[in-house]
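Enquirer: Below is one structure. I have some questions about it.
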Amino acid sequence: MRGGVPVSGEHTSRYGGNTACIEVRCGDTLIILDGGSGLINLGSSLLQELGIKPLDAHLFLTHTHWDHIMGLPYFLPAFKHTGKMTIYGVAGMDETLMSFFQGAEVGEYFPVTMGKPTVDVKFQELREVTRVGEASISYYYLNHPGLTIGFRVEYQGKSLVYIPDNEPYSSSNRALVKENDDNSFLARIDREIVHFSRGADILIADAAYTDEEYVEFVGSGHSSVTDALKVAMSAQAKRLVLFHHQPLRTGDEIEQLVVKCQERVDALGGKLEILSPAEGDQIEI
């Protein structure tokens, strides 16, 4: 649920302090969205779950910023189990990612080497729509430093949209993007992201800043809570998960953000449900 760096302490215990990692189950298919520090705990639980069964994991990465890939060298099933792991990303990402597995082998990222991966690790460049089991995964480019994408997972008529790092151009370039009916290039990109999120059963969206904080961080590549709310309501999503919380955001502060957002939705007569799950929570669509 966190962005930036993993944190621990009393103030983070209610919602968790690990960085981005979402486990998605579509029948027997295991899909993982991003490999932040949350991937470490996921790996431990998978080892217990798998037993003697081989691993078959599909990891989709939005980008290679450290908080979204730092769990890779410590994902134990890749080094302690059998099976396969397919990592999906945009063109050119494979070279960066392979260095993490090679670094884990020689101890570049930790003083004790973890050895070579024992599972078959493959990198696959994303297609317009990627099929994994019965699920289909599409992607769209986001406004964030470096090459960053978001994902839409569809399975048996249900949909999950994951937009963890994005700053709407209507917020970061107000001098250029002025009105909702603006037909400029930047305004059209904002509308395409709304279209990409249309009707999502769950929208997991970047809500890194409060409105007050965002004033100091315009152009950082992250959304305010209001930005996330606008995308969700415009897209007519059913549930919005406020995501990528600031490392020092306390449990009380996160809870207050959820309450305030829900109050705004209710005042507008909307049906959107606002959520901020705790680490390890499960949501069924």
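To be explicit about the labels: the chains of the structure tokens are called A, B, and onward in the order shown, and within each one the residues are counted from 1, while ligands get numbers from 1 in the order they are shown.
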As an NGL selection string, please: every residue in region 103-264 of chain A that a backbone DSSP assignment puts in alpha helix (DSSP H).
Expert: :A and (103-106 or 169-172 or 185-196 or 211-214 or 225-234 or 251-264)
Enquirer: Could you dump the residues just selected with N, CA and C atoms as a compact mmCIF listing (two decimals), in the first residue's frame?
Expert:
# COMPACT_ATOMS: atom_id res chain seq x y z
N GLY A 103 22.45 -9.92 -9.69
CA GLY A 103 22.98 -9.31 -8.47
C GLY A 103 22.72 -10.16 -7.25
N ALA A 104 21.54 -10.78 -7.22
CA ALA A 104 21.23 -11.67 -6.11
C ALA A 104 22.18 -12.86 -6.08
N GLU A 105 22.63 -13.26 -7.27
CA GLU A 105 23.54 -14.41 -7.36
C GLU A 105 24.92 -14.07 -6.80
N VAL A 106 25.41 -12.86 -7.05
CA VAL A 106 26.77 -12.51 -6.64
C VAL A 106 26.82 -11.69 -5.36
N TYR A 169 -2.60 15.40 -16.22
CA TYR A 169 -2.09 16.64 -16.83
C TYR A 169 -2.96 17.83 -16.47
N SER A 170 -4.22 17.59 -16.21
CA SER A 170 -5.12 18.69 -15.84
C SER A 170 -4.73 19.30 -14.50
N SER A 171 -3.97 18.56 -13.69
CA SER A 171 -3.49 19.09 -12.42
C SER A 171 -2.08 19.65 -12.53
N SER A 172 -1.22 18.97 -13.28
CA SER A 172 0.18 19.39 -13.35
C SER A 172 0.43 20.45 -14.41
N PHE A 185 -3.74 17.69 -26.74
CA PHE A 185 -3.16 16.36 -26.61
C PHE A 185 -3.14 15.89 -25.16
N LEU A 186 -2.71 16.77 -24.24
CA LEU A 186 -2.60 16.38 -22.84
C LEU A 186 -3.97 16.08 -22.24
N ALA A 187 -4.96 16.87 -22.59
CA ALA A 187 -6.31 16.64 -22.08
C ALA A 187 -6.86 15.31 -22.59
N ARG A 188 -6.53 14.97 -23.81
CA ARG A 188 -7.00 13.70 -24.37
C ARG A 188 -6.38 12.51 -23.64
N ILE A 189 -5.11 12.65 -23.23
CA ILE A 189 -4.47 11.57 -22.47
C ILE A 189 -5.19 11.35 -21.14
N ASP A 190 -5.52 12.43 -20.45
CA ASP A 190 -6.28 12.30 -19.20
C ASP A 190 -7.59 11.56 -19.45
N ARG A 191 -8.27 11.91 -20.53
CA ARG A 191 -9.55 11.26 -20.82
C ARG A 191 -9.35 9.80 -21.20
N GLU A 192 -8.22 9.47 -21.84
CA GLU A 192 -7.95 8.08 -22.19
C GLU A 192 -7.75 7.23 -20.94
N ILE A 193 -7.14 7.80 -19.91
CA ILE A 193 -6.96 7.07 -18.66
C ILE A 193 -8.30 6.81 -18.00
N VAL A 194 -9.19 7.79 -18.07
CA VAL A 194 -10.55 7.59 -17.56
C VAL A 194 -11.23 6.48 -18.36
N HIS A 195 -11.08 6.52 -19.68
CA HIS A 195 -11.67 5.49 -20.53
C HIS A 195 -11.09 4.12 -20.20
N PHE A 196 -9.78 4.06 -19.97
CA PHE A 196 -9.10 2.82 -19.62
C PHE A 196 -9.67 2.23 -18.33
N ASP A 211 -4.80 17.13 -0.79
CA ASP A 211 -4.88 18.32 -1.65
C ASP A 211 -3.91 19.39 -1.18
N GLU A 212 -3.75 19.53 0.14
CA GLU A 212 -2.86 20.54 0.69
C GLU A 212 -1.40 20.20 0.37
N GLU A 213 -1.04 18.93 0.46
CA GLU A 213 0.33 18.51 0.17
C GLU A 213 0.67 18.66 -1.30
N TYR A 214 -0.31 18.40 -2.16
CA TYR A 214 -0.04 18.37 -3.59
C TYR A 214 0.49 19.70 -4.11
N VAL A 225 -5.41 13.02 -3.64
CA VAL A 225 -6.60 12.22 -3.36
C VAL A 225 -7.76 12.68 -4.25
N THR A 226 -7.88 13.98 -4.46
CA THR A 226 -8.95 14.50 -5.33
C THR A 226 -8.77 14.02 -6.76
N ASP A 227 -7.52 13.96 -7.25
CA ASP A 227 -7.28 13.43 -8.59
C ASP A 227 -7.79 12.00 -8.72
N ALA A 228 -7.45 11.16 -7.74
CA ALA A 228 -7.90 9.76 -7.77
C ALA A 228 -9.41 9.68 -7.75
N LEU A 229 -10.03 10.53 -6.96
CA LEU A 229 -11.48 10.54 -6.85
C LEU A 229 -12.13 10.95 -8.17
N LYS A 230 -11.56 11.96 -8.83
CA LYS A 230 -12.09 12.42 -10.10
C LYS A 230 -12.03 11.33 -11.16
N VAL A 231 -10.89 10.63 -11.23
CA VAL A 231 -10.76 9.55 -12.22
C VAL A 231 -11.79 8.47 -11.95
N ALA A 232 -11.91 8.07 -10.69
CA ALA A 232 -12.83 6.99 -10.35
C ALA A 232 -14.29 7.35 -10.65
N MET A 233 -14.70 8.56 -10.30
CA MET A 233 -16.08 8.96 -10.52
C MET A 233 -16.36 9.18 -12.00
N SER A 234 -15.41 9.77 -12.71
CA SER A 234 -15.58 9.97 -14.15
C SER A 234 -15.65 8.64 -14.89
N GLY A 251 -1.91 5.61 10.31
CA GLY A 251 -3.17 4.89 10.16
C GLY A 251 -4.36 5.81 10.34
N ASP A 252 -4.32 6.70 11.34
CA ASP A 252 -5.42 7.64 11.55
C ASP A 252 -5.61 8.56 10.35
N GLU A 253 -4.51 9.02 9.77
CA GLU A 253 -4.59 9.92 8.62
C GLU A 253 -5.17 9.21 7.40
N ILE A 254 -4.78 7.97 7.19
CA ILE A 254 -5.34 7.21 6.07
C ILE A 254 -6.83 7.01 6.27
N GLU A 255 -7.21 6.67 7.48
CA GLU A 255 -8.63 6.46 7.77
C GLU A 255 -9.42 7.74 7.53
N GLN A 256 -8.88 8.89 7.91
CA GLN A 256 -9.56 10.16 7.70
C GLN A 256 -9.72 10.47 6.21
N LEU A 257 -8.70 10.13 5.41
CA LEU A 257 -8.80 10.34 3.96
C LEU A 257 -9.96 9.53 3.37
N VAL A 258 -10.08 8.29 3.81
CA VAL A 258 -11.16 7.43 3.32
C VAL A 258 -12.51 8.01 3.69
N VAL A 259 -12.65 8.42 4.94
CA VAL A 259 -13.93 8.98 5.41
C VAL A 259 -14.29 10.25 4.64
N LYS A 260 -13.33 11.15 4.48
CA LYS A 260 -13.59 12.41 3.78
C LYS A 260 -13.96 12.17 2.32
N CYS A 261 -13.26 11.23 1.67
CA CYS A 261 -13.58 10.92 0.27
C CYS A 261 -14.98 10.34 0.15
N GLN A 262 -15.33 9.43 1.06
CA GLN A 262 -16.67 8.83 1.00
C GLN A 262 -17.74 9.89 1.24
N GLU A 263 -17.48 10.83 2.13
CA GLU A 263 -18.43 11.91 2.39
C GLU A 263 -18.64 12.76 1.13
N ARG A 264 -17.56 13.02 0.39
CA ARG A 264 -17.66 13.81 -0.84
C ARG A 264 -18.48 13.06 -1.89
Enquirer: Could you give me, as a PDB file with C-alpha atoms, in the first residue's frame, each residue of region 39-193 of chain A that DSSP assigns to strand (DSSP E) when run on this structure's backbone?
Expert:
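Dumped to out_34.pdb:
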ATOM      1  CA  LEU A  55       5.412 -22.212  -8.974  1.00  0.00           C
ATOM      2  CA  ASP A  56       3.599 -20.680 -11.943  1.00  0.00           C
ATOM      3  CA  ALA A  57       3.611 -16.902 -11.436  1.00  0.00           C
ATOM      4  CA  HIS A  58       2.949 -14.012 -13.826  1.00  0.00           C
ATOM      5  CA  LEU A  59       4.486 -10.732 -12.637  1.00  0.00           C
ATOM      6  CA  PHE A  60       3.409  -7.529 -14.417  1.00  0.00           C
ATOM      7  CA  GLY A  83       8.480 -24.018 -11.609  1.00  0.00           C
ATOM      8  CA  LYS A  84       8.440 -20.883 -13.681  1.00  0.00           C
ATOM      9  CA  MET A  85       8.033 -17.134 -13.348  1.00  0.00           C
ATOM     10  CA  THR A  86       7.168 -14.893 -16.270  1.00  0.00           C
ATOM     11  CA  ILE A  87       7.862 -11.173 -15.893  1.00  0.00           C
ATOM     12  CA  TYR A  88       5.995  -8.819 -18.225  1.00  0.00           C
ATOM     13  CA  GLY A  89       6.970  -5.274 -19.067  1.00  0.00           C
ATOM     14  CA  ASP A 120      12.671 -20.741 -14.982  1.00  0.00           C
ATOM     15  CA  VAL A 121      12.586 -16.915 -15.141  1.00  0.00           C
ATOM     16  CA  LYS A 122      11.436 -15.452 -18.453  1.00  0.00           C
ATOM     17  CA  PHE A 123      10.834 -11.887 -19.568  1.00  0.00           C
ATOM     18  CA  GLN A 124       8.030 -11.176 -22.005  1.00  0.00           C
ATOM     19  CA  GLU A 125       7.333  -7.922 -23.771  1.00  0.00           C
ATOM     20  CA  VAL A 129      -3.647  -7.500 -24.770  1.00  0.00           C
ATOM     21  CA  THR A 130      -1.814 -10.314 -22.972  1.00  0.00           C
ATOM     22  CA  ARG A 131      -3.672 -13.529 -22.194  1.00  0.00           C
ATOM     23  CA  VAL A 132      -2.783 -15.413 -19.007  1.00  0.00           C
ATOM     24  CA  ALA A 135      -7.570 -13.540 -17.823  1.00  0.00           C
ATOM     25  CA  SER A 136      -6.718 -10.746 -20.245  1.00  0.00           C
ATOM     26  CA  ILE A 137      -4.354  -7.932 -19.273  1.00  0.00           C
ATOM     27  CA  SER A 138      -4.120  -4.648 -21.164  1.00  0.00           C
ATOM     28  CA  TYR A 139      -2.031  -1.587 -20.373  1.00  0.00           C
ATOM     29  CA  TYR A 140      -1.911   2.178 -20.882  1.00  0.00           C
ATOM     30  CA  TYR A 141       0.855   4.752 -20.450  1.00  0.00           C
ATOM     31  CA  ILE A 149       2.184   2.006 -17.418  1.00  0.00           C
ATOM     32  CA  GLY A 150      -1.001   0.937 -15.670  1.00  0.00           C
ATOM     33  CA  PHE A 151      -2.839  -2.373 -16.052  1.00  0.00           C
ATOM     34  CA  ARG A 152      -6.394  -3.547 -16.559  1.00  0.00           C
ATOM     35  CA  VAL A 153      -7.121  -7.181 -15.643  1.00  0.00           C
ATOM     36  CA  GLU A 154     -10.350  -8.705 -16.954  1.00  0.00           C
ATOM     37  CA  TYR A 155     -11.655 -12.125 -15.966  1.00  0.00           C
ATOM     38  CA  LYS A 158     -15.056  -8.603 -13.874  1.00  0.00           C
ATOM     39  CA  SER A 159     -12.307  -5.984 -14.033  1.00  0.00           C
ATOM     40  CA  LEU A 160      -9.511  -4.583 -11.891  1.00  0.00           C
ATOM     41  CA  VAL A 161      -7.601  -1.458 -12.944  1.00  0.00           C
ATOM     42  CA  TYR A 162      -4.226  -0.640 -11.386  1.00  0.00           C
ATOM     43  CA  ILE A 163      -2.855   2.902 -11.784  1.00  0.00           C
TER      44      ILE A 163
END
Enquirer: So, with only C-alpha atoms as the atoms that count, which of A:Glu95, A:Gly133, A:Pro77, A:Arg198 lies closest to Pro117 (chain A)?
Expert: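 Checking each of A:Glu95, A:Gly133, A:Pro77, A:Arg198 against Pro117 (chain A), counting only C-alpha atoms, the winner is A:Pro77.
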Enquirer: Could you tell me which of A:Asn166, A:Ser37, A:Gln236, A:Thr118 comes closest to Ala200 (chain A) if we count only C-alpha atoms?
Expert: A:Gln236
Enquirer: May I ask which of the residues A:Val5, A:Ala78, A:Val215, A:Leu248 is the closest one to Gly43 (chain A), counting only C-alpha atoms?
Expert: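 Residue with the minimum atom-to-atom distance to Gly43 (chain A): A:Ala78.
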Enquirer: Please, what distance in Å, to one decimal, runs between CA of Phe75 (chain A) and CA of Glu128 (chain A)?
Expert: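 Taking CA of Phe75 (chain A) as the start and CA of Glu128 (chain A) as the end point, the length is 27.7 Å.
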Enquirer: Taking into account only C-alpha atoms, which residue in the set A:Thr29, A:Gln156, A:Thr96, A:Asn41 is nearest to Ile69 (chain A)?
Expert: A:Thr96
Enquirer: CA of Asp94 (chain A) and CA of Asn143 (chain A) are how many Å apart?
Expert: 21.4 Å
Enquirer: Kindly provide the residues of region 167-226 of chain A that approach region 9-27 of chain A to within 12 Å, each paired with its closest atom pair and their distance in Å to one decimal, based on only C-alpha atoms, listed by chain and increasing number, as a Markdown table.
Expert:
| residue | atom | partner | partner_atom | distance |
| --- | --- | --- | --- | --- |
| A:Ile202 | CA | A:Val24 | CA | 11.8 |
| A:Ile204 | CA | A:Ile22 | CA | 9.7 |
| A:Ala205 | CA | A:Ala20 | CA | 11.5 |
| A:Asp206 | CA | A:Ala20 | CA | 10.8 |
Enquirer: Could you turn the residues from that selection into a file that holds C-alpha atoms, as a PDB file, in the first residue's frame?
Expert:
ATOM      1  CA  ILE A 202     -12.010  -2.119  -8.464  1.00  0.00           C
ATOM      2  CA  ILE A 204      -6.485   0.901  -7.416  1.00  0.00           C
ATOM      3  CA  ALA A 205      -5.246   4.446  -7.913  1.00  0.00           C
ATOM      4  CA  ASP A 206      -2.366   6.687  -6.910  1.00  0.00           C
TER       5      ASP A 206
END
